[in-house]
Amino acid sequence: EKINNTQKTFNQLQQKSYQRINSTATASQGMFSKMSAGLKSVIQLFGVYSAAMLAHRAIMTTIGISSKFSDNLAQLAIYLNNSKESADEVFKSLTKIKTRTSLTDLLGLAEIVAKKGVVKAEIAGITAELDKLFLVVGEGLGDKEEATASIVKLISIFNTDGEITGTRIKEVGASLQYLTTHGVATGDYLIRFAERLGAVRSLTGQTMPEILGMGAAFEQLGVKAEVGANATGQIIAKLFTDIPKYAKEAGLDVQEFKYLLETDSTTAFLSSIVA
């Protein structure tokens, strides 16, 4: 009988234990269920927040681009005698340029070109040629605005009519592209060298390809653009001051050396320094 009572008591305790375990499990399940629901809510909220942030960033980027685009177009109109119609015409021409460059960047480049006083009819063509040059030579030309201003300046120096055309930009670009891809020359160096030496071009009569070629040689020797250009200009100027002296040093007849100076000052310069 005692055994039966003990067994009965044990069964009752076991049953209560099971009830407590089931109650705890149910409570835990409910808690985990709530946690899961809460976690899902957090994830959903984070997803919404992330999407909102991405959308905000995209909108702000678009606004930034649109703002820059509008500013460039407005500035272009100012450079074209405050003519919105002229700016719209140039813009329409820019849309026809086949390039991987964005239209916003093309418009910015056209604005720089117009700022230099280029006539409306040439802006799109010049922009297209400059775009090709920047894509090929890349960062070697330095800052786009400075490089564009320098190239335009060089064309005005080396052409008596001072006209800036797409064809002339293409010619300069071809020289720069050749020299930068067939040696150690960089576009920025060549442009700075040509600008410096171009100052005495009226005296020397040198062509731009000749000067750019000399610049490439100086850069290969490690001479700074300013130093090389200044020294070359000074030497060439001296050649004209005492033709007999330098003709003798070059091993040439006076008349022959004089003719060489007048027709091919680069060769005269090289003859004098080699001698």
# chains A, B, ... in the order shown; residues from 1 in each chain; ligands from 1

$ residues_around --residues "stretch 180-184 of chain A" --least-positions-apart "3" --cutoff "9 Å" --atoms "only C-alpha atoms" --output "list in words"
Val137, Gly140, Ser175, Leu176, Gln177, Gly187, Ala216, Glu219 and Gln220 of chain A

$ closest_residue --among "A:Glu129, A:Asp143, A:Asp105, A:Glu111" --to "A:Thr167" --atoms "only C-alpha atoms"
A:Glu129

$ atom_distance --atom1 "atom CA of A:Val90" --atom2 "atom CA of A:Lys153"
21.9 Å

$ residues_around --residues "A:Ala229" --least-positions-apart "4" --cutoff "7 Å" --atoms "only C-alpha atoms" --output "NGL selection string"
:A and (193 or 196-197 or 225 or 233)

$ atom_distance --atom1 "atom CA of A:Gln206" --atom2 "atom CA of A:Asp264"
7.2 Å

$ residues_around --residues "A:Arg192" --least-positions-apart "6" --cutoff "10 Å" --atoms "only C-alpha atoms" --output "PyMOL selection string"
chain A and resi 147+150-151+154+198+212+215+224-226+229

$ residues_around --residues "stretch 245-251 of chain A" --least-positions-apart "4" --cutoff "9 Å" --atoms "only C-alpha atoms" --output "PyMOL selection string"
chain A and resi 238-240+255-258+268+271-275

$ write_last_selection --atoms "C-alpha atoms" --output "PDB file, in the first residue's frame"
ATOM      1  CA  LYS A 238      70.303  85.386 -80.917  1.00  0.00           C
ATOM      2  CA  LEU A 239      70.768  83.632 -84.250  1.00  0.00           C
ATOM      3  CA  PHE A 240      69.093  86.582 -85.955  1.00  0.00           C
ATOM      4  CA  GLN A 255      73.573  83.699 -97.191  1.00  0.00           C
ATOM      5  CA  GLU A 256      72.803  80.011 -96.875  1.00  0.00           C
ATOM      6  CA  PHE A 257      72.387  80.293 -93.102  1.00  0.00           C
ATOM      7  CA  LYS A 258      70.284  83.442 -93.459  1.00  0.00           C
ATOM      8  CA  ALA A 268      69.018  76.479 -88.264  1.00  0.00           C
ATOM      9  CA  SER A 271      72.553  73.206 -86.851  1.00  0.00           C
ATOM     10  CA  SER A 272      73.898  75.847 -84.476  1.00  0.00           C
ATOM     11  CA  ILE A 273      73.618  73.797 -81.305  1.00  0.00           C
ATOM     12  CA  VAL A 274      75.017  70.633 -82.928  1.00  0.00           C
ATOM     13  CA  ALA A 275      78.004  72.613 -84.228  1.00  0.00           C
TER      14      ALA A 275
END

$ closest_residue --among "A:Ser265, A:Gln234, A:Asn159, A:Thr186" --to "A:Thr204" --atoms "only C-alpha atoms"
A:Ser265

$ atom_distance --atom1 "atom CA of A:Lys98" --atom2 "atom CA of A:Gly138"
17.8 Å
